[in-house]
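J.: Next comes the structure file protein-v4.cif, holding mmCIF, C-alpha atoms and all ligand atoms.
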data_query
loop_
_atom_site.label_atom_id
_atom_site.label_comp_id
_atom_site.auth_asym_id
_atom_site.auth_seq_id
_atom_site.Cartn_x
_atom_site.Cartn_y
_atom_site.Cartn_z
CA MET J 8 113.76 84.85 114.17
CA LYS J 9 110.21 83.45 114.13
CA ILE J 10 107.20 84.93 112.39
CA ASN J 11 106.07 86.33 115.76
CA GLU J 12 109.39 88.11 116.20
CA LEU J 13 109.44 89.89 112.83
CA PRO J 14 109.21 93.67 113.00
CA THR J 15 105.80 94.73 111.70
CA PRO J 16 104.72 95.81 109.25
CA CYS J 17 107.05 93.85 106.98
CA TYR J 18 107.06 92.32 103.54
CA VAL J 19 108.40 88.78 103.51
CA ILE J 20 109.73 87.42 100.22
CA ASP J 21 109.46 83.64 100.02
CA GLU J 22 112.62 82.32 98.38
CA LYS J 23 111.26 78.80 97.94
CA LYS J 24 108.07 79.93 96.23
CA MET J 25 110.01 82.41 94.11
CA THR J 26 112.35 79.62 93.01
CA GLU J 27 109.38 77.44 92.05
CA ASN J 28 108.03 80.26 89.86
CA LEU J 29 111.44 80.77 88.28
CA GLU J 30 111.77 77.05 87.54
CA ILE J 31 108.49 77.17 85.61
CA LEU J 32 109.68 80.18 83.59
CA SER J 33 113.04 78.58 82.98
CA GLY J 34 111.28 75.48 81.65
CA VAL J 35 109.43 77.60 79.07
CA GLN J 36 112.74 79.15 78.00
CA GLN J 37 114.47 75.81 77.71
CA ARG J 38 111.72 74.10 75.74
CA THR J 39 111.10 76.97 73.31
CA GLY J 40 114.22 79.13 73.14
CA ALA J 41 112.09 82.18 74.00
CA ARG J 42 113.77 84.68 76.32
CA ILE J 43 111.97 85.77 79.48
CA LEU J 44 112.65 89.13 81.13
CA LEU J 45 111.55 90.31 84.57
CA ALA J 46 109.30 93.37 84.23
CA GLN J 47 110.81 95.37 87.07
CA LYS J 48 107.69 97.50 87.31
CA ALA J 49 106.08 94.67 89.30
CA PHE J 50 109.11 93.63 91.33
CA SER J 51 112.33 95.59 91.67
CA CYS J 52 113.69 94.10 94.87
CA TRP J 53 117.23 93.84 93.55
CA HIS J 54 118.45 91.87 96.55
CA ILE J 55 116.76 88.88 94.91
CA TYR J 56 118.27 89.45 91.45
CA PRO J 57 121.20 87.07 92.12
CA LEU J 58 118.58 84.30 92.48
CA ILE J 59 116.49 85.43 89.51
CA ARG J 60 119.43 85.64 87.14
CA ASN J 61 120.02 81.89 87.40
CA PHE J 62 116.69 81.17 85.72
CA ILE J 63 115.65 83.88 83.23
CA SER J 64 117.35 86.10 80.64
CA GLY J 65 117.20 89.62 82.03
CA THR J 66 115.05 92.64 82.77
CA ALA J 67 112.39 94.82 81.14
CA CYS J 68 112.32 98.49 82.11
CA SER J 69 109.93 101.43 82.01
CA GLY J 70 112.48 104.23 82.00
CA LEU J 71 115.86 105.45 83.17
CA TYR J 72 115.83 104.28 86.77
CA GLU J 73 114.66 100.76 86.05
CA ALA J 74 117.08 100.62 83.12
CA ARG J 75 119.95 101.50 85.40
CA LEU J 76 118.84 99.03 88.06
CA GLY J 77 118.52 96.22 85.52
CA PHE J 78 121.92 97.06 84.05
CA GLU J 79 123.74 97.37 87.36
CA ASP J 80 122.05 94.69 89.42
CA MET J 81 120.91 92.06 86.91
CA GLY J 82 123.50 92.74 84.23
CA MET J 83 121.84 90.61 81.58
CA GLU J 84 119.60 91.32 78.61
CA ASN J 85 117.90 94.68 79.27
CA HIS J 86 114.95 96.03 77.26
CA VAL J 87 113.19 99.35 77.76
CA PHE J 88 109.83 100.73 76.73
CA SER J 89 108.55 104.18 77.62
CA ALA J 90 105.62 106.12 76.20
CA ALA J 91 108.16 108.89 75.54
CA TYR J 92 111.85 109.36 76.27
CA ARG J 93 113.37 112.61 77.47
CA GLU J 94 116.20 114.17 75.46
CA SER J 95 118.28 114.51 78.63
CA GLU J 96 117.96 110.80 79.46
CA ILE J 97 118.02 108.92 76.18
CA ASP J 98 121.81 108.55 75.88
CA GLU J 99 122.13 107.09 79.35
CA ILE J 100 119.18 104.77 78.68
CA ILE J 101 120.82 103.59 75.45
CA SER J 102 124.01 102.89 77.36
CA TYR J 103 122.13 100.53 79.72
CA CYS J 104 119.79 98.74 77.30
CA GLY J 105 120.19 96.45 74.31
CA HIS J 106 116.66 96.96 73.00
CA ILE J 107 114.96 100.36 72.97
CA ILE J 108 111.25 100.27 72.17
CA PHE J 109 109.47 103.38 70.93
CA ASN J 110 105.81 104.25 71.24
CA SER J 111 105.53 106.49 68.15
CA PHE J 112 107.16 107.26 64.82
CA SER J 113 107.93 110.72 66.13
CA GLN J 114 110.06 109.25 68.94
CA LEU J 115 111.58 106.76 66.51
CA ASP J 116 112.63 109.52 64.11
CA ARG J 117 114.03 111.57 66.93
CA TYR J 118 116.26 108.92 68.50
CA ARG J 119 116.70 106.05 66.01
CA ASP J 120 120.14 107.09 64.74
CA ARG J 121 121.55 107.30 68.26
CA VAL J 122 120.31 103.83 69.14
CA LEU J 123 121.67 102.30 65.94
CA ALA J 124 124.99 104.15 66.25
CA ALA J 125 125.40 102.56 69.68
CA GLY J 126 124.84 99.14 68.11
CA LYS J 127 121.56 98.62 69.96
CA LYS J 128 118.22 97.28 68.64
CA VAL J 129 115.24 99.46 67.79
CA GLY J 130 111.66 98.26 68.30
CA LEU J 131 108.18 99.72 67.99
CA ARG J 132 105.25 99.08 70.30
CA ILE J 133 102.11 98.27 68.35
CA ASN J 134 98.51 98.43 69.46
CA PRO J 135 96.60 95.50 67.94
CA GLU J 136 93.34 97.12 69.09
CA PHE J 137 92.14 93.83 70.48
CA SER J 138 90.83 93.95 74.06
CA THR J 139 90.67 90.70 75.96
CA GLN J 140 89.97 92.28 79.33
CA GLU J 141 86.61 93.31 80.65
CA GLY J 142 85.84 95.83 83.34
CA HIS J 143 89.46 96.87 83.91
CA GLU J 144 89.91 99.80 81.59
CA ILE J 145 92.74 101.19 83.69
CA TYR J 146 94.75 98.03 82.81
CA ASP J 147 93.69 97.79 79.16
CA PRO J 148 96.16 99.32 76.69
CA CYS J 149 93.70 98.51 73.88
CA SER J 150 90.88 100.63 75.27
CA THR J 151 89.69 103.49 73.07
CA LYS J 152 92.01 106.49 72.74
CA SER J 153 94.81 104.51 74.40
CA ARG J 154 98.18 106.23 74.26
CA LEU J 155 100.05 102.91 74.35
CA GLY J 156 101.22 101.44 71.08
CA ILE J 157 100.88 102.45 67.43
CA THR J 158 97.68 101.43 65.69
CA ARG J 159 97.75 100.07 62.16
CA LYS J 160 96.13 103.24 60.89
CA ASN J 161 99.02 105.29 62.24
CA PHE J 162 101.74 102.86 61.18
CA ARG J 163 104.22 104.11 58.56
CA MET J 164 105.42 101.32 56.32
CA ASP J 165 107.90 103.65 54.65
CA ASP J 166 109.66 104.59 57.91
CA LEU J 167 110.98 101.25 59.16
CA ASP J 168 114.70 101.66 58.49
CA GLY J 169 116.66 100.09 61.31
CA VAL J 170 113.55 98.79 63.11
CA SER J 171 114.19 95.14 63.95
CA GLY J 172 111.29 94.21 66.24
CA LEU J 173 107.72 94.75 67.36
CA HIS J 174 106.43 94.83 70.93
CA PHE J 175 102.90 94.52 72.20
CA HIS J 176 101.59 94.52 75.75
CA THR J 177 97.85 94.05 76.06
CA LEU J 178 97.27 91.43 78.77
CA CYS J 179 96.88 91.59 82.55
CA GLU J 180 96.74 88.48 84.73
CA GLN J 181 95.61 86.44 81.73
CA ASN J 182 95.89 82.90 80.41
CA SER J 183 97.39 81.78 77.10
CA ASP J 184 94.04 81.49 75.30
CA ASP J 185 93.87 85.30 75.44
CA LEU J 186 97.44 85.49 74.17
CA GLU J 187 96.53 83.17 71.31
CA ARG J 188 93.59 85.38 70.28
CA THR J 189 95.79 88.45 70.61
CA LEU J 190 98.36 86.90 68.28
CA ASP J 191 95.58 86.36 65.73
CA ALA J 192 94.86 90.08 65.89
CA VAL J 193 98.56 90.97 65.72
CA GLU J 194 98.99 88.80 62.61
CA GLU J 195 95.85 90.11 60.99
CA LYS J 196 96.88 93.73 61.46
CA PHE J 197 100.68 93.55 61.35
CA GLY J 198 101.52 90.23 59.67
CA ASP J 199 103.18 91.92 56.68
CA ILE J 200 105.50 93.80 59.06
CA LEU J 201 106.34 90.71 61.10
CA GLU J 202 107.82 89.25 57.93
CA LYS J 203 110.42 92.02 57.92
CA MET J 204 111.30 91.77 61.62
CA GLU J 205 113.88 89.81 63.64
CA TRP J 206 112.14 89.71 67.00
CA ILE J 207 108.80 90.14 68.74
CA ASN J 208 108.10 90.91 72.39
CA PHE J 209 104.80 89.60 73.80
CA GLY J 210 104.90 92.08 76.73
CA GLY J 211 103.64 91.03 80.17
CA GLY J 212 100.36 90.04 81.77
CA HIS J 213 100.98 86.31 81.25
CA HIS J 214 100.05 84.56 84.50
CA ILE J 215 102.38 81.68 83.64
CA THR J 216 103.02 80.56 87.21
CA ARG J 217 99.35 80.38 88.20
CA ALA J 218 98.15 76.80 88.75
CA ASP J 219 95.57 76.83 85.92
CA TYR J 220 97.82 78.49 83.32
CA ASP J 221 97.98 76.56 80.05
CA ILE J 222 101.73 76.41 79.40
CA PRO J 223 101.60 74.10 76.34
CA ARG J 224 99.36 76.66 74.62
CA LEU J 225 101.84 79.44 75.46
CA GLU J 226 104.62 77.34 73.95
CA ARG J 227 102.55 76.80 70.79
CA CYS J 228 102.13 80.59 70.55
CA ILE J 229 105.89 81.07 70.85
CA ARG J 230 106.67 78.39 68.23
CA ARG J 231 104.10 79.85 65.88
CA MET J 232 106.01 83.16 65.77
CA GLN J 233 109.37 81.40 65.57
CA GLU J 234 108.38 79.05 62.76
CA LYS J 235 106.10 81.23 60.67
CA TYR J 236 108.18 84.43 60.73
CA GLY J 237 111.59 83.29 61.96
CA LEU J 238 111.30 85.64 64.95
CA GLU J 239 113.16 85.61 68.22
CA VAL J 240 110.50 85.77 70.96
CA PHE J 241 110.70 87.73 74.20
CA LEU J 242 108.23 87.77 77.09
CA GLU J 243 108.36 90.23 79.95
CA PRO J 244 106.12 89.04 82.78
CA GLY J 245 106.22 90.89 86.07
CA GLU J 246 103.57 89.27 88.23
CA ALA J 247 104.37 85.73 87.12
CA VAL J 248 107.92 85.98 88.47
CA ALA J 249 106.89 86.72 92.05
CA LEU J 250 103.28 85.50 92.07
CA ASN J 251 102.27 84.31 95.55
CA ALA J 252 105.90 84.62 96.61
CA GLY J 253 105.45 87.29 99.26
CA TYR J 254 103.53 88.20 102.39
CA LEU J 255 102.75 91.30 104.36
CA VAL J 256 102.92 90.66 108.09
CA THR J 257 100.98 93.04 110.30
CA GLU J 258 99.98 93.30 113.95
CA VAL J 259 96.56 93.99 115.45
CA LEU J 260 96.88 97.28 117.34
CA ASP J 261 93.33 97.71 118.56
CA ILE J 262 89.86 96.24 118.33
CA THR J 263 86.86 98.52 118.16
CA GLU J 264 83.20 98.22 117.25
CA ASN J 265 80.77 100.04 114.95
CA ASP J 266 77.90 97.80 113.89
CA MET J 267 80.53 95.09 113.67
CA PRO J 268 83.95 94.37 115.19
CA ILE J 269 86.79 96.34 113.61
CA ALA J 270 90.48 95.48 113.93
CA ILE J 271 93.01 98.28 113.48
CA LEU J 272 96.25 97.03 111.93
CA ASP J 273 99.73 98.57 111.77
CA THR J 274 99.57 98.47 107.99
CA SER J 275 97.64 100.45 105.40
CA ALA J 276 96.02 99.47 102.14
CA ALA J 277 96.70 102.94 100.77
CA CYS J 278 100.39 102.83 101.71
CA HIS J 279 101.48 99.22 101.69
CA MET J 280 99.12 97.40 99.33
CA PRO J 281 97.73 100.17 97.08
CA ASP J 282 96.40 97.69 94.50
CA VAL J 283 93.80 96.61 97.05
CA LEU J 284 92.21 100.02 96.55
CA GLU J 285 93.28 100.63 92.94
CA MET J 286 92.54 97.27 91.28
CA PRO J 287 90.49 96.79 93.50
CA TYR J 288 90.88 93.30 94.95
CA ARG J 289 90.68 91.37 98.19
CA PRO J 290 94.09 90.10 99.27
CA PRO J 291 94.28 86.54 100.60
CA LEU J 292 94.80 86.36 104.37
CA LEU J 293 96.22 83.21 105.95
CA ASP J 294 93.87 81.21 108.21
CA SER J 295 90.85 83.38 107.46
CA GLY J 296 87.55 83.05 105.64
CA GLU J 297 85.04 85.25 103.87
CA ALA J 298 82.86 87.43 106.11
CA GLY J 299 80.52 85.14 108.05
CA GLU J 300 82.27 81.94 106.97
CA LYS J 301 84.08 81.39 110.28
CA ALA J 302 82.79 82.24 113.74
CA TYR J 303 84.29 85.71 114.20
CA THR J 304 84.11 88.35 111.46
CA TYR J 305 86.07 91.62 111.53
CA ARG J 306 86.51 94.58 109.30
CA LEU J 307 90.26 95.07 108.91
CA GLY J 308 91.31 98.69 108.81
CA SER J 309 94.46 100.77 108.90
CA GLN J 310 96.04 103.27 111.20
CA THR J 311 95.66 106.12 108.70
CA CYS J 312 92.92 108.77 108.71
CA LEU J 313 91.68 107.89 105.21
CA ALA J 314 88.13 106.66 105.78
CA GLY J 315 88.35 104.17 102.92
CA ASP J 316 91.66 102.70 104.06
CA SER J 317 90.14 99.32 104.80
CA ILE J 318 91.32 95.95 103.55
CA GLY J 319 87.96 94.20 103.75
CA GLU J 320 85.95 91.87 105.98
CA TYR J 321 87.49 88.56 107.03
CA SER J 322 86.43 85.86 109.47
CA PHE J 323 88.45 83.78 111.92
CA ASP J 324 87.99 80.66 114.09
CA LYS J 325 88.97 82.53 117.25
CA PRO J 326 88.41 86.14 118.28
CA LEU J 327 91.31 88.44 117.33
CA LYS J 328 93.38 89.86 120.18
CA ILE J 329 95.55 92.93 120.37
CA GLY J 330 99.09 91.83 119.44
CA ASP J 331 97.98 89.05 117.06
CA ARG J 332 99.89 88.73 113.80
CA LEU J 333 98.03 88.59 110.48
CA VAL J 334 99.71 87.47 107.27
CA PHE J 335 98.40 88.71 103.92
CA GLY J 336 99.37 86.68 100.86
CA ASP J 337 100.56 87.52 97.33
CA MET J 338 102.31 90.66 98.51
CA ALA J 339 105.59 90.53 96.55
CA ILE J 340 104.22 92.07 93.36
CA TYR J 341 103.21 95.71 92.88
CA SER J 342 103.52 96.29 96.64
CA MET J 343 107.12 97.23 97.51
CA VAL J 344 107.44 99.20 94.24
CA LYS J 345 104.27 101.17 94.94
CA ASN J 346 104.41 101.77 98.67
CA ASN J 347 104.44 105.27 100.10
CA THR J 348 104.53 107.15 103.39
CA PHE J 349 101.13 108.87 103.19
CA ASN J 350 99.98 109.90 106.66
CA GLY J 351 103.58 109.49 107.80
CA MET J 352 103.16 105.74 107.77
CA PRO J 353 106.43 103.83 108.08
CA LEU J 354 107.58 101.74 105.13
CA PRO J 355 107.48 98.00 105.88
CA SER J 356 110.81 96.25 106.38
CA ILE J 357 111.75 93.77 103.65
CA ILE J 358 112.64 90.33 104.89
CA LEU J 359 113.67 87.20 103.03
CA LEU J 360 112.25 83.84 104.10
CA GLN J 361 115.17 81.67 103.06
CA LYS J 362 114.88 78.13 101.73
CA ASP J 363 116.02 76.68 105.06
CA GLY J 364 113.10 78.40 106.84
CA SER J 365 115.16 81.16 108.45
CA PHE J 366 114.50 84.88 108.01
CA ARG J 367 117.05 87.42 106.78
CA THR J 368 116.38 91.17 106.98
CA LEU J 369 117.13 92.84 103.65
CA ARG J 370 116.05 96.37 104.44
CA GLU J 371 114.63 98.44 107.29
CA PHE J 372 113.26 101.96 107.06
CA GLY J 373 112.81 104.84 109.45
CA TYR J 374 111.85 108.46 109.86
CA GLU J 375 114.48 109.67 107.40
CA ASP J 376 112.84 107.71 104.59
CA PHE J 377 109.66 109.70 105.18
CA LYS J 378 111.41 113.04 105.54
CA CYS J 379 113.95 112.78 102.73
CA ARG J 380 111.34 112.63 99.99
CA LEU J 381 109.77 115.95 100.92
C1 LIG I 1 103.21 96.17 83.18
C2 LIG I 1 104.03 95.72 82.04
C3 LIG I 1 104.63 94.45 82.05
C4 LIG I 1 104.44 93.45 83.19
O1 LIG I 1 103.11 93.11 83.36
P1 LIG I 1 102.65 92.01 84.42
O2 LIG I 1 101.17 92.13 84.41
O3 LIG I 1 103.23 92.37 85.74
O4 LIG I 1 103.13 90.70 83.93
C5 LIG I 1 105.43 94.10 80.98
N1 LIG I 1 105.60 94.95 79.94
C6 LIG I 1 105.05 96.18 79.89
C7 LIG I 1 105.29 97.06 78.73
C8 LIG I 1 104.24 96.60 80.94
O5 LIG I 1 103.68 97.82 80.90
#
As structure tokens, please, write out the structure in this file.
Ligand SMILES: *Cc1c(COP(=O)(O)O)cnc(C)c1O

T.:
Amino acid sequence: MKINELPTPCYVIDEKKMTENLEILSGVQQRTGARILLAQKAFSCWHIYPLIRNFISGTACSGLYEARLGFEDMGMENHVFSAAYRESEIDEIISYCGHIIFNSFSQLDRYRDRVLAAGKKVGLRINPEFSTQEGHEIYDPCSTKSRLGITRKNFRMDDLDGVSGLHFHTLCEQNSDDLERTLDAVEEKFGDILEKMEWINFGGGHHITRADYDIPRLERCIRRMQEKYGLEVFLEPGEAVALNAGYLVTEVLDITENDMPIAILDTSAACHMPDVLEMPYRPPLLDSGEAGEKAYTYRLGSQTCLAGDSIGEYSFDKPLKIGDRLVFGDMAIYSMVKNNTFNGMPLPSIILLQKDGSFRTLREFGYEDFKCRL
């Protein structure tokens, strides 16, 4: 199979690039003794777990389904955080996970004894109330009135029986200087509690595999918690595991014109790359430039009837033709896990680009996948 023979639309997971990311994460683990978990929220394509498990320590989960997937398909260290757990699910969740992290003292009081009776670890998510993100309130758990994490004001020093760790998650696509400043805030607000704990989880949002990421600074942050408080350190990056390790291949179905040339693709931002509209951001597209940079500029739009379902304006050296393939980059994270069949759009196939350059189809979808959810 060649790229021109792949069924479109399809996600392609790049095994070589994924392995390079995992080697970087594994290096951090080896040099520091910290344990790195895949946040499945960003990437749950379990077909790749046999590769991932060779490099990192396990999985981080947001609830029952991810907990089960991590338990069954990764089978390593498995941590879970949810803003609230359901009575009907907590026992099954405890059976899958070694660390259960609570978002309130009310949840802690409700379920603590069951977690401890099962021999599992209990943690609390804290909110250090220290924002390092600007303009992205939807991704900032430290924004005002946030429901995520317990603030110092609401922390109960007299209710910590059986609690062995603290968890924070406040970053999104950030470098280790922001982590360092966040740790200052964590120590300032919760330093007295850290002294009583066995472990700390730095959450996700660490862009460790990005070229400009300062890894030595991250490792200093890890050692600081290990040496000063004797803590075991966990990190649960999602994006960093599969950063730039996937593509979305699409075909040009038609070319139209309205004040500028418009190409209609067999993919959809709303269905197949929702972060393009939610973040929002402009996905990289192979062999293209900004609008006006190369000779031929097009607006790239989808098949759906949502007026705003457009991916942006891109330019090319040659005019686009019906049947051309376009390859969007950085499409392994938050794409497959978020896709949907709005407008009856088909789900993209999932294909692995293996290290030897050959393609292997992992999953194909059809009409039943649209119908069975409704
Ligand atoms: C989203 C999330 C992560 C992963 O974040 P990335 O930005 O993908 O690294 C980890 N932990 C928690 C609690 C999260 O909510």

J.: Kindly work out which residues sit at most 6 Å from ligand LIG 1 (chain I), using all atoms listed in the file, and give the list as a list of chain:residue names.

T.: J:Ala46, J:Ala49, J:His176, J:Cys179, J:Glu180, J:Gly210, J:Gly211, J:Gly212, J:His213, J:Glu243, J:Pro244, J:Gly245, J:Glu246

J.: Okay, now the selection with C-alpha atoms, as a CSV table (one decimal), in the frame of the given file?

T.:
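Result file follows (result_2.csv):
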chain,number,residue,atom,x,y,z
J,46,ALA,CA,109.3,93.4,84.2
J,49,ALA,CA,106.1,94.7,89.3
J,176,HIS,CA,101.6,94.5,75.8
J,179,CYS,CA,96.9,91.6,82.6
J,180,GLU,CA,96.7,88.5,84.7
J,210,GLY,CA,104.9,92.1,76.7
J,211,GLY,CA,103.6,91.0,80.2
J,212,GLY,CA,100.4,90.0,81.8
J,213,HIS,CA,101.0,86.3,81.2
J,243,GLU,CA,108.4,90.2,80.0
J,244,PRO,CA,106.1,89.0,82.8
J,245,GLY,CA,106.2,90.9,86.1
J,246,GLU,CA,103.6,89.3,88.2

J.: So how far away is CA of Cys68 in chain J from CA of Ser138 in chain J, in Å?

T.: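 Going from CA of Ser138 in chain J over to CA of Cys68 in chain J, I get 23.4 Å.
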
J.: Measuring atom to atom with all atoms listed in the file, identify which of J:Gly82, J:Pro287, J:Gly34, J:Gly105 is nearest to Ala125 in chain J.

T.: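 With all atoms listed in the file as the atom set, the closest residue is J:Gly105.
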
J.: Near Asn11 in chain J, within 12 Å and counting all atoms listed in the file, which residues show up once chain neighbours fewer than 6 positions away are dropped, as JSON, numbers by chain?

T.: {"J": [17, 256, 257, 258, 330, 331, 332, 333, 334, 366]}

J.: Could you work out how far CA of Leu45 in chain J lies from CA of Pro355 in chain J, giving the answer in Å with one decimal?

T.: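 It comes out at 23.0 Å.
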